[in-house]
>>> print(open('final.cif').read())   # mmCIF, C-alpha atoms
data_model
#
loop_
_atom_site.label_atom_id
_atom_site.label_comp_id
_atom_site.auth_asym_id
_atom_site.auth_seq_id
_atom_site.Cartn_x
_atom_site.Cartn_y
_atom_site.Cartn_z
CA MET A 484 -121.14 139.91 -155.09
CA SER A 485 -121.20 138.87 -158.68
CA MET A 486 -122.69 141.77 -160.61
CA THR A 487 -120.83 144.71 -162.13
CA HIS A 488 -121.40 148.24 -160.92
CA SER A 489 -122.98 149.31 -164.19
CA GLU A 490 -126.03 147.23 -163.22
CA ASN A 491 -126.62 149.32 -160.07
CA GLN A 492 -128.92 152.29 -160.02
CA THR A 493 -128.99 155.00 -157.37
CA ILE A 494 -132.70 155.66 -157.56
CA ALA A 495 -135.47 156.37 -155.12
CA THR A 496 -136.36 153.20 -153.22
CA PRO A 497 -139.43 152.41 -151.05
CA GLU A 498 -139.73 154.47 -147.89
CA PRO A 499 -137.14 153.33 -145.37
CA HIS A 500 -137.84 152.23 -141.83
CA MET A 501 -137.00 154.81 -139.14
CA PRO A 502 -135.60 153.38 -135.87
CA ILE A 503 -134.88 155.29 -132.67
CA GLY A 504 -131.25 154.50 -133.44
CA LEU A 505 -127.97 153.54 -131.87
CA ALA A 506 -126.94 157.03 -130.71
CA ALA A 507 -130.15 157.92 -128.86
CA LEU A 508 -130.46 154.53 -127.16
CA SER A 509 -126.77 154.42 -126.22
CA ARG A 510 -126.91 157.87 -124.65
CA ARG A 511 -129.87 156.87 -122.52
CA ALA A 512 -128.10 153.69 -121.41
CA PHE A 513 -124.92 155.64 -120.58
CA ARG A 514 -126.97 157.99 -118.40
CA GLY A 515 -128.17 154.95 -116.48
CA GLU A 516 -131.74 155.02 -117.77
CA ASP A 517 -133.69 151.78 -117.59
CA LEU A 518 -134.69 150.81 -121.12
CA LYS A 519 -137.20 148.15 -120.02
CA ALA A 520 -140.14 150.43 -120.75
CA GLU A 521 -138.76 151.14 -124.23
CA TRP A 522 -138.28 147.39 -124.75
CA ARG A 523 -141.94 146.72 -123.80
CA GLU A 524 -143.20 149.42 -126.17
CA LEU A 525 -141.17 147.99 -129.03
CA VAL A 526 -142.49 144.48 -128.32
CA ILE A 527 -146.06 145.86 -128.36
CA ARG A 528 -145.33 147.49 -131.73
CA LEU A 529 -144.16 144.15 -133.10
CA ASP A 530 -147.25 142.41 -131.74
CA ARG A 531 -149.35 144.90 -133.67
CA SER A 532 -147.19 144.78 -136.78
CA PRO A 533 -144.85 141.76 -137.02
CA ILE A 534 -143.05 143.35 -139.99
CA ASP A 535 -142.00 146.47 -138.04
CA ALA A 536 -138.31 146.21 -138.94
CA ALA A 537 -137.35 149.45 -137.15
CA ALA A 538 -138.77 148.14 -133.86
CA MET A 539 -136.86 144.88 -134.29
CA LEU A 540 -133.62 146.74 -135.03
CA ASP A 541 -134.06 148.89 -131.92
CA LEU A 542 -134.65 145.75 -129.83
CA SER A 543 -131.35 144.44 -131.19
CA VAL A 544 -129.52 147.56 -130.00
CA ILE A 545 -131.12 147.46 -126.54
CA ALA A 546 -130.18 143.79 -126.14
CA GLN A 547 -126.56 144.56 -127.01
CA LEU A 548 -126.47 147.55 -124.66
CA ASN A 549 -127.56 145.19 -121.90
CA GLY A 550 -124.73 142.75 -122.59
CA MET A 551 -126.82 140.25 -124.59
CA ARG A 552 -124.73 140.30 -127.76
CA ASP A 553 -125.89 136.98 -129.22
CA ARG A 554 -129.55 137.79 -128.64
CA GLY A 555 -129.02 141.22 -130.13
CA LEU A 556 -127.47 139.78 -133.27
CA ALA A 557 -130.32 137.30 -133.61
CA LEU A 558 -132.82 140.16 -133.41
CA GLN A 559 -130.81 142.13 -135.95
CA ALA A 560 -130.87 139.18 -138.34
CA LEU A 561 -134.68 139.11 -138.09
CA ALA A 562 -134.83 142.85 -138.77
CA LEU A 563 -132.59 142.57 -141.82
CA GLU A 564 -134.76 139.78 -143.19
CA MET A 565 -137.59 142.33 -143.21
CA ALA A 566 -135.66 145.34 -144.50
CA VAL A 567 -132.10 146.49 -145.21
CA HIS A 568 -132.78 150.24 -145.55
CA TYR A 569 -133.14 152.47 -142.47
CA ARG A 570 -133.20 156.26 -142.16
CA GLN A 571 -132.43 158.81 -139.49
CA THR A 572 -133.56 162.28 -140.38
CA ALA A 573 -131.63 165.48 -140.03
CA GLY A 574 -132.32 168.10 -137.39
CA GLU A 575 -134.01 171.34 -138.24
CA THR A 576 -131.48 173.26 -140.31
CA GLY A 577 -133.58 175.50 -142.52
CA ARG A 578 -131.97 174.09 -145.64
CA THR A 579 -132.17 171.01 -147.83
CA PRO A 580 -130.30 168.26 -145.98
CA ILE A 581 -127.33 166.41 -147.38
CA ARG A 582 -128.30 162.80 -148.12
CA LEU A 583 -125.61 160.42 -146.89
CA LEU A 584 -125.75 156.74 -147.85
CA ALA A 585 -123.90 154.54 -145.36
CA LEU A 586 -123.02 151.10 -146.69
CA LYS A 587 -123.05 148.73 -143.71
CA SER A 588 -122.65 145.08 -142.85
CA PRO A 589 -124.56 142.96 -140.33
CA GLY A 590 -122.83 142.74 -136.97
CA ASP A 591 -122.61 144.17 -133.49
CA MET A 592 -122.22 147.82 -132.52
CA MET A 593 -118.54 147.77 -133.50
CA ALA A 594 -119.05 146.26 -136.97
CA ASN A 595 -119.65 149.59 -138.73
CA THR A 596 -118.64 153.23 -138.43
CA PRO A 597 -121.18 154.57 -135.89
CA LEU A 598 -122.12 157.60 -137.97
CA GLU A 599 -125.27 158.12 -135.93
CA PHE A 600 -123.16 159.59 -133.10
CA LEU A 601 -121.44 162.02 -135.45
CA LEU A 602 -124.45 163.28 -137.39
CA GLU A 603 -127.12 164.13 -134.82
CA ASP A 604 -128.57 167.59 -135.52
CA SER A 605 -126.07 168.02 -138.34
CA GLY A 606 -128.38 168.71 -141.24
CA VAL A 607 -127.49 165.33 -142.75
CA THR A 608 -130.09 162.67 -143.56
CA LEU A 609 -128.49 159.28 -142.90
CA ASP A 610 -129.64 156.31 -144.97
CA SER A 611 -128.15 153.08 -143.61
CA PHE A 612 -128.14 150.29 -146.17
CA TYR A 613 -127.06 146.83 -145.00
CA LEU A 614 -125.17 144.59 -147.39
CA HIS A 615 -124.91 140.85 -146.83
CA PRO A 616 -121.48 139.32 -147.47
CA GLU A 617 -123.03 136.39 -149.37
CA MET A 618 -125.52 138.38 -151.45
CA PRO A 619 -125.02 140.52 -154.58
CA LEU A 620 -125.12 144.30 -154.36
CA PRO A 621 -128.77 145.30 -154.93
CA LYS A 622 -129.67 146.88 -158.25
CA ALA A 623 -131.69 149.67 -156.61
CA LEU A 624 -129.97 151.80 -153.98
CA PRO A 625 -131.30 154.89 -152.21
CA ASP A 626 -130.56 158.12 -154.03
CA HIS A 627 -127.91 160.13 -152.22
CA ASP A 628 -125.44 163.01 -152.47
CA LEU A 629 -122.55 161.19 -150.84
CA ALA A 630 -121.71 157.57 -149.99
CA PHE A 631 -119.71 156.39 -146.99
CA VAL A 632 -118.23 152.92 -146.61
CA ALA A 633 -119.20 152.23 -143.00
CA VAL A 634 -118.27 148.53 -143.12
CA GLY A 635 -115.54 148.05 -140.53
CA GLN A 636 -112.46 145.86 -140.70
CA SER A 637 -113.03 142.34 -139.42
CA GLU A 638 -112.43 138.77 -140.50
CA GLU A 639 -116.17 138.49 -141.22
CA ASN A 640 -116.14 141.60 -143.44
CA ARG A 641 -112.96 140.83 -145.38
CA HIS A 642 -114.66 139.49 -148.52
CA LEU A 643 -117.36 142.15 -148.44
CA LEU A 644 -114.72 144.90 -148.38
CA GLU A 645 -112.84 143.25 -151.25
CA ASP A 646 -115.98 143.08 -153.37
CA LEU A 647 -117.02 146.64 -152.55
CA ALA A 648 -113.64 147.94 -153.73
CA GLY A 649 -114.42 146.91 -157.29
CA HIS A 650 -117.98 148.23 -157.28
CA LEU A 651 -117.04 151.67 -155.99
CA GLU A 652 -114.47 152.46 -158.69
CA SER A 653 -117.15 154.01 -160.93
CA TRP A 654 -119.71 155.03 -158.32
CA PRO A 655 -121.90 157.91 -159.56
CA ARG A 656 -121.51 159.94 -156.34
CA PRO A 657 -118.50 160.89 -154.22
CA VAL A 658 -117.46 158.08 -151.85
CA LEU A 659 -115.72 158.45 -148.48
CA ASN A 660 -113.44 155.77 -147.04
CA SER A 661 -111.86 153.29 -149.41
CA PRO A 662 -112.81 149.68 -148.61
CA GLY A 663 -109.32 148.55 -149.59
CA SER A 664 -107.79 150.87 -147.00
CA ILE A 665 -110.26 149.71 -144.35
CA ALA A 666 -109.36 146.07 -145.04
CA ARG A 667 -105.68 146.78 -144.31
CA LEU A 668 -106.42 147.85 -140.73
CA THR A 669 -105.85 144.44 -139.19
CA ARG A 670 -103.63 144.62 -136.11
CA ASP A 671 -100.72 142.96 -137.87
CA GLY A 672 -101.41 144.97 -141.04
CA LEU A 673 -101.31 148.22 -139.08
CA TRP A 674 -97.99 147.24 -137.53
CA SER A 675 -96.52 146.53 -140.97
CA MET A 676 -97.90 149.83 -142.22
CA LEU A 677 -96.58 152.02 -139.41
CA ARG A 678 -93.45 150.32 -138.05
CA SER A 679 -91.15 152.59 -140.06
CA ALA A 680 -93.12 155.80 -139.48
CA PRO A 681 -91.06 158.54 -137.80
CA GLY A 682 -92.21 159.56 -134.34
CA ILE A 683 -94.52 156.54 -133.99
CA VAL A 684 -94.11 153.53 -131.73
CA ILE A 685 -96.26 150.52 -132.53
CA PRO A 686 -95.57 147.14 -130.91
CA ARG A 687 -94.60 144.31 -133.24
CA THR A 688 -97.83 142.37 -133.82
CA LEU A 689 -98.01 138.85 -135.25
CA ARG A 690 -100.70 136.25 -135.85
CA VAL A 691 -99.91 133.07 -133.97
CA HIS A 692 -101.73 129.72 -133.97
CA ARG A 693 -102.62 128.24 -130.59
CA ARG A 694 -100.33 125.27 -131.33
CA GLU A 695 -97.36 127.62 -131.38
CA LEU A 696 -98.50 129.30 -128.16
CA ALA A 697 -98.70 125.84 -126.57
CA GLN A 698 -95.14 125.15 -127.69
CA PHE A 699 -93.99 128.35 -125.97
CA ALA A 700 -95.75 127.16 -122.81
CA SER A 701 -94.00 123.79 -122.92
CA GLY A 702 -90.60 125.32 -123.58
CA ARG A 703 -90.18 123.43 -126.87
CA THR A 704 -90.06 126.76 -128.73
CA SER A 705 -88.35 129.98 -127.66
CA LEU A 706 -90.53 133.08 -127.80
CA ARG A 707 -87.52 135.26 -128.54
CA GLU A 708 -86.15 133.02 -131.28
CA SER A 709 -89.53 132.41 -132.91
CA LEU A 710 -91.24 135.82 -132.64
CA GLY A 711 -88.42 138.14 -131.67
CA MET A 712 -90.18 139.07 -128.42
CA ALA A 713 -89.51 138.75 -124.73
CA TYR A 714 -91.94 138.47 -121.83
CA PRO A 715 -94.21 140.10 -120.87
CA ILE A 716 -96.38 139.79 -123.97
CA VAL A 717 -99.93 140.87 -124.76
CA VAL A 718 -102.20 138.22 -126.29
CA ARG A 719 -105.72 138.50 -127.67
CA PRO A 720 -107.93 136.37 -129.97
CA LEU A 721 -107.91 137.41 -133.61
CA THR A 722 -111.55 138.52 -133.48
CA SER A 723 -111.31 140.28 -130.10
CA HIS A 724 -112.76 143.75 -129.60
CA ALA A 725 -113.12 145.98 -126.54
CA GLY A 726 -110.50 144.01 -124.63
CA GLN A 727 -112.29 140.64 -124.77
CA GLY A 728 -109.72 137.91 -124.16
CA LEU A 729 -106.91 140.48 -123.94
CA VAL A 730 -104.29 139.62 -121.28
CA LYS A 731 -100.72 140.37 -120.34
CA ILE A 732 -98.68 137.17 -119.98
CA ASP A 733 -95.55 137.44 -117.87
CA ASP A 734 -94.01 134.00 -118.43
CA ALA A 735 -94.39 130.76 -120.36
CA ALA A 736 -96.10 129.05 -117.44
CA SER A 737 -99.12 131.37 -117.77
CA ILE A 738 -99.87 130.46 -121.38
CA ASP A 739 -101.53 127.10 -120.67
CA ALA A 740 -104.01 128.68 -118.25
CA TYR A 741 -104.86 131.32 -120.85
CA LEU A 742 -105.41 128.77 -123.64
CA ALA A 743 -107.65 126.72 -121.37
CA LYS A 744 -110.06 129.70 -121.26
CA GLN A 745 -109.81 130.72 -124.93
CA PRO A 746 -111.08 128.28 -127.60
CA GLU A 747 -109.92 130.30 -130.63
CA ASP A 748 -107.35 128.98 -133.10
CA TYR A 749 -105.49 132.22 -133.85
CA PHE A 750 -104.25 135.05 -131.65
CA TYR A 751 -102.45 138.36 -131.99
CA VAL A 752 -99.25 138.51 -129.95
CA SER A 753 -97.32 141.70 -129.15
CA PRO A 754 -94.66 142.73 -126.65
CA PHE A 755 -96.06 144.68 -123.70
CA VAL A 756 -95.12 148.36 -123.72
CA ASP A 757 -95.16 150.04 -120.31
CA TYR A 758 -96.60 153.48 -121.01
CA ALA A 759 -97.26 154.54 -117.42
CA SER A 760 -96.81 158.23 -116.64
CA PRO A 761 -94.43 159.33 -113.85
CA ASP A 762 -97.36 159.30 -111.40
CA GLY A 763 -97.98 155.62 -112.15
CA GLN A 764 -101.24 156.25 -114.02
CA PHE A 765 -101.85 155.11 -117.58
CA ARG A 766 -103.35 157.61 -120.02
CA LYS A 767 -104.94 156.51 -123.27
CA CYS A 768 -106.35 158.93 -125.83
CA ARG A 769 -108.81 158.48 -128.66
CA ILE A 770 -108.29 160.76 -131.64
CA ALA A 771 -110.45 161.01 -134.76
CA PHE A 772 -109.03 162.06 -138.12
CA VAL A 773 -111.39 163.85 -140.50
CA ASP A 774 -109.99 164.71 -143.92
CA GLY A 775 -106.49 164.60 -142.45
CA ARG A 776 -107.19 166.78 -139.41
CA ALA A 777 -106.90 165.39 -135.87
CA PHE A 778 -109.72 165.91 -133.36
CA PRO A 779 -109.57 164.80 -129.71
CA VAL A 780 -112.36 162.42 -128.69
CA HIS A 781 -111.52 161.51 -125.11
CA GLN A 782 -108.73 160.71 -122.66
CA ALA A 783 -109.09 157.85 -120.19
CA ILE A 784 -106.91 157.68 -117.05
CA SER A 785 -106.44 154.51 -115.03
CA GLU A 786 -104.02 152.72 -112.72
CA HIS A 787 -104.39 149.65 -114.97
CA TRP A 788 -102.67 149.35 -118.34
CA MET A 789 -105.74 147.95 -120.14
CA ILE A 790 -107.94 151.02 -120.33
CA HIS A 791 -111.40 151.50 -121.73
CA TYR A 792 -113.23 154.73 -121.10
CA LEU A 793 -116.09 152.99 -119.33
CA ASN A 794 -113.83 151.04 -116.93
CA ALA A 795 -111.43 153.88 -116.09
CA GLY A 796 -113.67 155.46 -113.44
CA MET A 797 -113.93 158.74 -115.31
CA GLU A 798 -117.54 159.31 -114.22
CA GLN A 799 -116.59 158.83 -110.58
CA SER A 800 -113.54 161.12 -110.52
CA ALA A 801 -113.85 164.89 -110.88
CA GLU A 802 -110.05 165.10 -110.92
CA LYS A 803 -109.79 162.75 -113.90
CA ARG A 804 -112.54 164.60 -115.75
CA ALA A 805 -110.79 167.92 -115.14
CA GLU A 806 -107.57 166.53 -116.59
CA GLU A 807 -109.48 165.18 -119.58
CA ALA A 808 -111.06 168.61 -120.07
CA ARG A 809 -107.59 170.20 -120.14
CA PHE A 810 -106.48 167.60 -122.69
CA MET A 811 -109.43 168.46 -124.92
CA GLU A 812 -109.04 172.23 -124.53
CA THR A 813 -105.28 172.28 -125.19
CA PHE A 814 -105.11 169.56 -127.84
CA ASP A 815 -104.62 171.94 -130.79
CA ARG A 816 -101.92 173.87 -128.91
CA GLN A 817 -100.04 171.00 -127.28
CA MET A 818 -100.50 167.38 -128.38
CA ALA A 819 -101.30 168.08 -132.04
CA PRO A 820 -98.17 170.23 -132.63
CA ARG A 821 -95.98 167.73 -130.72
CA HIS A 822 -97.05 164.94 -133.06
CA ARG A 823 -97.69 166.89 -136.26
CA THR A 824 -95.22 164.86 -138.34
CA ALA A 825 -96.46 161.58 -136.89
CA PHE A 826 -100.08 162.54 -137.57
CA GLU A 827 -99.33 163.55 -141.16
CA ASP A 828 -97.48 160.31 -141.84
CA LEU A 829 -100.22 158.29 -140.17
CA VAL A 830 -102.94 159.89 -142.31
CA GLU A 831 -100.96 159.29 -145.50
CA ARG A 832 -100.25 155.64 -144.71
CA VAL A 833 -103.77 154.76 -143.50
CA GLY A 834 -105.33 156.47 -146.52
CA LEU A 835 -108.85 157.03 -145.16
CA ASP A 836 -111.04 160.13 -145.14
CA TYR A 837 -112.23 159.23 -141.65
CA PHE A 838 -110.76 156.94 -138.96
CA GLY A 839 -109.78 156.92 -135.32
CA ILE A 840 -106.84 155.80 -133.23
CA ASP A 841 -106.34 154.76 -129.63
CA CYS A 842 -102.95 155.96 -128.51
CA ALA A 843 -100.71 157.19 -125.71
CA GLU A 844 -97.36 158.94 -125.37
CA THR A 845 -94.17 157.11 -124.47
CA PRO A 846 -91.86 158.49 -121.75
CA ASP A 847 -89.53 159.78 -124.49
CA GLY A 848 -92.37 161.66 -126.18
CA LYS A 849 -93.28 159.45 -129.12
CA LEU A 850 -96.80 158.56 -130.23
CA LEU A 851 -97.65 155.02 -129.07
CA ILE A 852 -100.41 153.56 -131.24
CA PHE A 853 -102.54 150.66 -130.03
CA GLU A 854 -105.16 150.54 -132.75
CA ALA A 855 -106.50 152.34 -135.81
CA ASP A 856 -110.03 151.70 -136.95
CA SER A 857 -112.88 153.27 -138.88
CA SER A 858 -115.49 151.88 -136.46
CA MET A 859 -114.56 153.44 -133.11
CA ILE A 860 -117.30 155.06 -131.06
CA VAL A 861 -116.88 158.83 -131.29
#
>>> encode(input="final.cif", output="structure tokens")
Amino acid sequence: MSMTHSENQTIATPEPHMPIGLAALSRRAFRGEDLKAEWRELVIRLDRSPIDAAAMLDLSVIAQLNGMRDRGLALQALALEMAVHYRQTAGETGRTPIRLLALKSPGDMMANTPLEFLLEDSGVTLDSFYLHPEMPLPKALPDHDLAFVAVGQSEENRHLLEDLAGHLESWPRPVLNSPGSIARLTRDGLWSMLRSAPGIVIPRTLRVHRRELAQFASGRTSLRESLGMAYPIVVRPLTSHAGQGLVKIDDAASIDAYLAKQPEDYFYVSPFVDYASPDGQFRKCRIAFVDGRAFPVHQAISEHWMIHYLNAGMEQSAEKRAEEARFMETFDRQMAPRHRTAFEDLVERVGLDYFGIDCAETPDGKLLIFEADSSMIV
């Protein structure tokens, strides 16, 4: 981005395209609905009008929901060649809706803050405007009451976030979520940010090149002497999300087998923290912070340490769902007061109007943080 902000105008732009949207399609997929009929209808729309960008964007979402990430991103790229401005209208509220401009980047469903999930029937009109990392900020932007930096932290978005920071300093409308603060939410950056925070446990996290991992495997380098860690360790590729490539390694002999499966050059390495409850189950919580206040999102319960809500068997277990319901109902009376100081320090250090964390509680009652991000599904 080479232009100064003074060249930008927040004026009315041509009518935006209106897709079905991420939230509606995701909910239908989560309920187990077959989206093949929707796919066929969208393809028919494109046959009739090859410049139907909303249909192409919805096809991208359906492809990703069906595990076809690369195909979904290819479809998204075609949609964004046609248009970069998309709108989802507010529900019936009986009043003039707030106009929220979400500044987004190309990418998969975890590349941006998924505001669609948060704003359904809210009285907010959501204008999603996609920015390309290699292109200048457009001169004409949709008029709005409030802007939200939805671009998530990633290696691909690093330069875009840096450039946005300068442009937003004199933005003519209020802006939520500082791009500079989002950019600091790398896994090693978060560890540096929170390692001294009272009441918080966050495993030491370092970026390590595969050559160094190979040296640990061969015994030429000591893990303890080099990284200050002991086995078991947790390793994941630098660009990993949703547990892709994430493993627990118990000894040096297991590193070679892991590297044989992972082609990446850089990895995050952390010591494994056993956070099992007395009953042997692992419990991981997602919490969203809005203007400094903590809100429970979900609790996943599993016998395996690497938990994601969709692989924890929550749908299949009434007992687990009942425990999650108690967690949600008692959060403001129990977990939030227990970790009030930790939450306050976390909010201050992260410095965002909106973000989420995945966390647990250690046996001695501290807040164990795995990740903080502005792009978590809520």
>>> atom_distance(input="final.cif", atom1="CA of Gly649 in chain A", atom2="CA of Val634 in chain A")
14.8 Å
>>> residues_around(input="final.cif", residues="Leu835 in chain A", least_positions_apart="3", cutoff="12 Å", atoms="all atoms listed in the file", output="list in words")
Phe631, Val632, Ala633, Val658, Leu659, Asn660, Ser661, Pro662, Gly663, Ser664, Ile665, Ala666, Arg667, Leu668, Ala771, Phe772, Val773, Asp774, Gly775, Arg776, Leu829, Val830, Glu831, Arg832, Phe838, Gly839, Ala855, Asp856 and Ser857 of chain A
>>> residues_around(input="final.cif", residues="range 540-556 of chain A", least_positions_apart="3", cutoff="9 Å", atoms="only C-alpha atoms", output="list in words")
Pro502, Ile503, Gly504, Leu505, Leu508, Ser509, Ala512, Leu518, Lys519, Glu521, Trp522, Leu525, Val526, Asp535, Ala536, Ala537, Gln559, Ala560, Leu561, Ala562, Leu563, Pro589, Gly590, Asp591 and Met592 of chain A
>>> resolve_selection(input="final.cif", expression="the PyMOL selection byres ((chain A and resi 763-768) around 9)", output="ChimeraX atom specification")
/A:757-762,769-770,779-792,840-844
>>> resolve_selection(input="final.cif", expression="the PyMOL selection byres ((chain A and resi 692) around 12)", output="list in words")
Leu689, Arg690, Val691, Arg693, Arg694, Glu695, Leu696, Ala697, Gln698, Phe699, Val718, Arg719, Pro720, Leu721, Leu742, Pro746, Glu747, Asp748, Tyr749, Phe750, Tyr751 and Val752 of chain A
>>> atom_distance(input="final.cif", atom1="CA of Pro621 in chain A", atom2="CA of His568 in chain A")
11.3 Å
>>> closest_residue(input="final.cif", among="A:Leu620, A:Leu598, A:Leu644, A:Ile852", to="Ala506 in chain A", atoms="all atoms listed in the file")
A:Leu598
>>> atom_distance(input="final.cif", atom1="CA of Val717 in chain A", atom2="CA of Val730 in chain A")
5.7 Å
>>> residues_around(input="final.cif", residues="Leu584 in chain A", least_positions_apart="6", cutoff="9 Å", atoms="all atoms listed in the file", output="VMD selection string")
chain A and resid 608 to 612 624 to 632
>>> closest_residue(input="final.cif", among="A:Ile685, A:Met811, A:Ile534, A:Ala740", to="Phe853 in chain A", atoms="only C-alpha atoms")
A:Ile685
>>> closest_residue(input="final.cif", among="A:Ala507, A:Ala623, A:Met797, A:Ala566", to="Glu599 in chain A", atoms="only C-alpha atoms")
A:Ala507
>>> closest_residue(input="final.cif", among="A:Leu706, A:Ala825, A:Leu851, A:Ala700", to="Ser737 in chain A", atoms="all atoms listed in the file")
A:Ala700
>>> closest_residue(input="final.cif", among="A:Gly515, A:Thr572, A:Pro681, A:Leu651", to="Leu586 in chain A", atoms="only C-alpha atoms")
A:Leu651
>>> build_atoms(input="final.cif", residues="range 736-752 of chain A", atoms="N, CA, C and O atoms", output="PDB file, in the coordinates of the input")
ATOM      1  N   ALA A 736     -95.222 129.868-118.265  1.00  0.00           N
ATOM      2  CA  ALA A 736     -96.100 129.050-117.440  1.00  0.00           C
ATOM      3  C   ALA A 736     -97.541 129.531-117.453  1.00  0.00           C
ATOM      4  O   ALA A 736     -98.467 128.764-117.165  1.00  0.00           O
ATOM      5  N   SER A 737     -97.762 130.799-117.785  1.00  0.00           N
ATOM      6  CA  SER A 737     -99.120 131.370-117.770  1.00  0.00           C
ATOM      7  C   SER A 737     -99.887 131.109-119.059  1.00  0.00           C
ATOM      8  O   SER A 737    -101.098 131.355-119.113  1.00  0.00           O
ATOM      9  N   ILE A 738     -99.213 130.621-120.085  1.00  0.00           N
ATOM     10  CA  ILE A 738     -99.870 130.460-121.380  1.00  0.00           C
ATOM     11  C   ILE A 738    -100.907 129.345-121.351  1.00  0.00           C
ATOM     12  O   ILE A 738    -102.008 129.475-121.895  1.00  0.00           O
ATOM     13  N   ASP A 739    -100.584 128.216-120.715  1.00  0.00           N
ATOM     14  CA  ASP A 739    -101.530 127.100-120.670  1.00  0.00           C
ATOM     15  C   ASP A 739    -102.849 127.508-120.033  1.00  0.00           C
ATOM     16  O   ASP A 739    -103.924 127.142-120.518  1.00  0.00           O
ATOM     17  N   ALA A 740    -102.784 128.248-118.922  1.00  0.00           N
ATOM     18  CA  ALA A 740    -104.010 128.680-118.250  1.00  0.00           C
ATOM     19  C   ALA A 740    -104.833 129.587-119.160  1.00  0.00           C
ATOM     20  O   ALA A 740    -106.074 129.511-119.174  1.00  0.00           O
ATOM     21  N   TYR A 741    -104.158 130.442-119.934  1.00  0.00           N
ATOM     22  CA  TYR A 741    -104.860 131.320-120.850  1.00  0.00           C
ATOM     23  C   TYR A 741    -105.552 130.512-121.955  1.00  0.00           C
ATOM     24  O   TYR A 741    -106.738 130.718-122.253  1.00  0.00           O
ATOM     25  N   LEU A 742    -104.832 129.565-122.564  1.00  0.00           N
ATOM     26  CA  LEU A 742    -105.410 128.770-123.640  1.00  0.00           C
ATOM     27  C   LEU A 742    -106.580 127.921-123.160  1.00  0.00           C
ATOM     28  O   LEU A 742    -107.501 127.631-123.933  1.00  0.00           O
ATOM     29  N   ALA A 743    -106.547 127.522-121.908  1.00  0.00           N
ATOM     30  CA  ALA A 743    -107.650 126.720-121.370  1.00  0.00           C
ATOM     31  C   ALA A 743    -108.953 127.513-121.352  1.00  0.00           C
ATOM     32  O   ALA A 743    -110.040 126.925-121.402  1.00  0.00           O
ATOM     33  N   LYS A 744    -108.867 128.847-121.307  1.00  0.00           N
ATOM     34  CA  LYS A 744    -110.060 129.700-121.260  1.00  0.00           C
ATOM     35  C   LYS A 744    -110.467 130.200-122.637  1.00  0.00           C
ATOM     36  O   LYS A 744    -111.584 130.693-122.812  1.00  0.00           O
ATOM     37  N   GLN A 745    -109.550 130.144-123.602  1.00  0.00           N
ATOM     38  CA  GLN A 745    -109.810 130.720-124.930  1.00  0.00           C
ATOM     39  C   GLN A 745    -109.829 129.620-125.979  1.00  0.00           C
ATOM     40  O   GLN A 745    -108.805 128.984-126.242  1.00  0.00           O
ATOM     41  N   PRO A 746    -110.976 129.381-126.628  1.00  0.00           N
ATOM     42  CA  PRO A 746    -111.080 128.280-127.600  1.00  0.00           C
ATOM     43  C   PRO A 746    -110.584 128.622-129.006  1.00  0.00           C
ATOM     44  O   PRO A 746    -110.513 127.738-129.861  1.00  0.00           O
ATOM     45  N   GLU A 747    -110.242 129.879-129.264  1.00  0.00           N
ATOM     46  CA  GLU A 747    -109.920 130.300-130.630  1.00  0.00           C
ATOM     47  C   GLU A 747    -108.650 129.629-131.142  1.00  0.00           C
ATOM     48  O   GLU A 747    -107.788 129.196-130.374  1.00  0.00           O
ATOM     49  N   ASP A 748    -108.523 129.587-132.467  1.00  0.00           N
ATOM     50  CA  ASP A 748    -107.350 128.980-133.100  1.00  0.00           C
ATOM     51  C   ASP A 748    -106.207 129.968-133.283  1.00  0.00           C
ATOM     52  O   ASP A 748    -105.039 129.580-133.218  1.00  0.00           O
ATOM     53  N   TYR A 749    -106.534 131.238-133.547  1.00  0.00           N
ATOM     54  CA  TYR A 749    -105.490 132.220-133.850  1.00  0.00           C
ATOM     55  C   TYR A 749    -105.554 133.395-132.879  1.00  0.00           C
ATOM     56  O   TYR A 749    -106.639 133.804-132.435  1.00  0.00           O
ATOM     57  N   PHE A 750    -104.378 133.952-132.600  1.00  0.00           N
ATOM     58  CA  PHE A 750    -104.250 135.050-131.650  1.00  0.00           C
ATOM     59  C   PHE A 750    -103.276 136.083-132.194  1.00  0.00           C
ATOM     60  O   PHE A 750    -102.379 135.756-132.978  1.00  0.00           O
ATOM     61  N   TYR A 751    -103.462 137.329-131.764  1.00  0.00           N
ATOM     62  CA  TYR A 751    -102.450 138.360-131.990  1.00  0.00           C
ATOM     63  C   TYR A 751    -101.536 138.392-130.768  1.00  0.00           C
ATOM     64  O   TYR A 751    -102.008 138.375-129.625  1.00  0.00           O
ATOM     65  N   VAL A 752    -100.241 138.462-131.032  1.00  0.00           N
ATOM     66  CA  VAL A 752     -99.250 138.510-129.950  1.00  0.00           C
ATOM     67  C   VAL A 752     -98.368 139.733-130.171  1.00  0.00           C
ATOM     68  O   VAL A 752     -97.886 139.982-131.283  1.00  0.00           O
TER      69      VAL A 752
END
